[in-house]
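A quick write-up on the structure given underneath.
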Amino acid sequence: MNIYLIRHGKAEQSSEGKPHEERALTTNGIEIIRQSLNLWKEYVNTFDIILTSPLKRAKQTAQLVNDVFKSELGVVEEICLLNGGLTEDLISVSRGLNLNDIAMVGHQPDIGIHLAKMIGSNDTNYNIPASAIAKIYFKEKPTIGKGTLEFLLPPLNKKG
C-alpha cells in the first residue's frame, strides 16, 4: 500500500476578518499546485481516493489533485487530517479502506509529523513545504514505523 502525504498549497495569511478554517489558496498557490501536478504525473499513476482535511485550503488542493488524477473514489473529507490529528488514526483509516494508493491532504506541522511516524523517525518533524508530496510505501498493511519513504517532491514553480 502507498500513502501519499500532500501539504496544501500556499494559502491566504491569517487575519481577524477571516476565520482560520476559511483561509483559501492564493492565486499563486493554485498556480504552484497546478505546476507541481505536472511533475507528480511522472511519479504517480493514480490515487484510489483523496482524503482531505475539511479546511478550505486543503479541500481546494484536494480538488485540484483530483482534477488531474481523477481518483476512482474522489475527494473525501477526513477529520483526522485536521491539525492535531493522530497518525495512528490515519493508519487505522488507511487499513480500513483496503486500497492501494491513498492520497492525504493536510497541514504543517502535522504532515511532517505523520511522515516521521510512518517511517519510524518519531523524534523528527519534517518541514514539508506547501504544495509538496511524499510517498510512503508499506510492504503490507500500514503500520506505524514500517513505511519506507520513496520520494519527497518539493513544489514546482516555473516563472514565465
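Residue names in the C-alpha cells use chain letters A, B, ... in the order shown, residue numbers from 1 in each chain, and ligand numbers from 1 in the order shown.
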
Practice item. With a distance cut-off of 7 Å and only C-alpha atoms, select the neighbouring residues of stretch 45-59 of chain A, excluding the residue or stretch itself and same-chain residues fewer than 3 positions from it, and output the selection as an NGL selection string. Key: :A and (8 or 11 or 21-25 or 41 or 62-63 or 69 or 71-79 or 81-82 or 99-106)

I'd like a table as a Markdown table: residues in stretch 76-128 of chain A with an atom no more than 12 Å from stretch 144-156 of chain A, each row giving the shortest atom pair and its distance in Å to one decimal, only C-alpha atoms counted, sorted by chain and rising residue number.
```
| residue | atom | partner | partner_atom | distance |
| --- | --- | --- | --- | --- |
| A:Leu86 | CA | A:Ile144 | CA | 11.1 |
| A:Thr87 | CA | A:Ile144 | CA | 7.9 |
| A:Glu88 | CA | A:Ile144 | CA | 7.0 |
| A:Asp89 | CA | A:Ile144 | CA | 10.4 |
| A:Leu90 | CA | A:Ile144 | CA | 10.0 |
| A:Ile91 | CA | A:Ile144 | CA | 7.3 |
| A:Ser92 | CA | A:Ile144 | CA | 10.0 |
| A:Ser94 | CA | A:Ile144 | CA | 11.7 |
| A:Arg95 | CA | A:Ile144 | CA | 11.6 |
| A:Ile111 | CA | A:Leu152 | CA | 11.9 |
| A:Gly112 | CA | A:Leu152 | CA | 11.1 |
| A:Ile113 | CA | A:Ile144 | CA | 11.7 |
| A:His114 | CA | A:Ile144 | CA | 9.3 |
| A:Leu115 | CA | A:Leu149 | CA | 8.2 |
| A:Ala116 | CA | A:Gly145 | CA | 8.1 |
| A:Lys117 | CA | A:Gly145 | CA | 5.7 |
| A:Met118 | CA | A:Gly145 | CA | 4.8 |
| A:Ile119 | CA | A:Gly147 | CA | 4.5 |
| A:Gly120 | CA | A:Gly145 | CA | 3.6 |
| A:Ser121 | CA | A:Gly145 | CA | 7.3 |
| A:Asn122 | CA | A:Gly145 | CA | 8.0 |
| A:Asp123 | CA | A:Gly145 | CA | 11.6 |
| A:Tyr126 | CA | A:Leu152 | CA | 10.7 |
| A:Asn127 | CA | A:Pro154 | CA | 11.0 |
| A:Ile128 | CA | A:Pro154 | CA | 8.1 |
```

Practice item. Among the residues of chain A, find those DSSP assigns to strand (DSSP E) from the backbone and print them as an MDAnalysis selection string. Key: chainID A and resid 2:7 49:52 75:77 101:106 133:137 148:153

Practice item. Go ahead and compute the interatomic distance for atom CA of A:Ile30 and atom CA of A:Asn2, in Å to one decimal. Key: 25.1 Å

Exercise for review: May I have all residues of stretch 95-143 of chain A that DSSP, computed from the backbone, assigns to helix (DSSP H, G or I), given as a ChimeraX atom specification?
Suggested key: /A:95-97,110-119

Practice item. Enter the distance from atom CA of A:Thr27 to atom CA of A:Lys10, in Å, rounded to one decimal. Key: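 Between atom CA of A:Thr27 and atom CA of A:Lys10 the gap works out to 8.7 Å.
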
Each stretch 19-121 of chain A residue no farther than 9 Å from stretch 129-133 of chain A, nearest pair in Å, only C-alpha atoms, as a Markdown table:
```
| residue | atom | partner | partner_atom | distance |
| --- | --- | --- | --- | --- |
| A:Gly29 | CA | A:Ser131 | CA | 7.8 |
| A:Ile32 | CA | A:Ser131 | CA | 7.0 |
| A:Ile33 | CA | A:Ser131 | CA | 5.6 |
| A:Ser36 | CA | A:Ser131 | CA | 7.2 |
| A:Trp40 | CA | A:Ile133 | CA | 8.1 |
| A:Thr61 | CA | A:Ser131 | CA | 8.3 |
| A:His107 | CA | A:Ala130 | CA | 8.5 |
| A:Gln108 | CA | A:Pro129 | CA | 8.1 |
```

Produce a file of the selected residues containing C-alpha atoms, as a PDB file, in the first residue's frame.
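Once everything was written out, this is selection-v8.pdb:
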```pdb
ATOM      1  CA  GLY A  29      -0.715  28.863  -4.531  1.00  0.00           C
ATOM      2  CA  ILE A  32       2.169  26.280  -7.955  1.00  0.00           C
ATOM      3  CA  ILE A  33      -0.082  23.279  -7.251  1.00  0.00           C
ATOM      4  CA  SER A  36       3.609  20.635  -9.341  1.00  0.00           C
ATOM      5  CA  TRP A  40       3.807  14.431  -9.954  1.00  0.00           C
ATOM      6  CA  THR A  61      -5.842  21.473  -3.043  1.00  0.00           C
ATOM      7  CA  HIS A 107      -1.402  20.852   7.109  1.00  0.00           C
ATOM      8  CA  GLN A 108       2.032  21.521   8.537  1.00  0.00           C
TER       9      GLN A 108
END
```

Exercise for review: Return the single residue from A:Asn83, A:Thr124, A:Asn28, A:Asn98 that is closest to A:Asp110, with distances computed using only C-alpha atoms.
Suggested key: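 Result for the nearest residue to A:Asp110: A:Asn83.
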
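Between atom CA of A:Asn125 and atom CA of A:Pro109 lies a distance of 7.3 Å.
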
Exercise for review: Within 8 Å of A:Lys141, counting only C-alpha atoms, which residues show up once you throw out same-chain ones fewer than 2 positions away? Write them as a list in words, please.
Suggested key: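 Skipping anything fewer than 2 positions along the chain leaves Met1, Arg95, Phe138, Lys139 and Thr143 of chain A.
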
Output for the residues just chosen: N, CA and C atoms as a compact mmCIF listing (two decimals), in the first residue's frame:
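Output file out_1.txt is given in full below:
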```txt
# COMPACT_ATOMS: atom_id res chain seq x y z
N MET A 1 0.84 -1.18 0.00
CA MET A 1 0.00 0.00 0.00
C MET A 1 0.89 1.24 0.00
N ARG A 95 -6.00 1.42 6.78
CA ARG A 95 -6.19 -0.03 6.85
C ARG A 95 -7.64 -0.40 6.56
N PHE A 138 4.26 0.88 2.08
CA PHE A 138 4.15 -0.15 3.13
C PHE A 138 4.08 -1.50 2.44
N LYS A 139 4.97 -2.40 2.84
CA LYS A 139 5.02 -3.72 2.21
C LYS A 139 3.71 -4.47 2.40
N THR A 143 1.50 0.34 9.04
CA THR A 143 1.78 0.24 10.47
C THR A 143 2.76 1.34 10.83
```
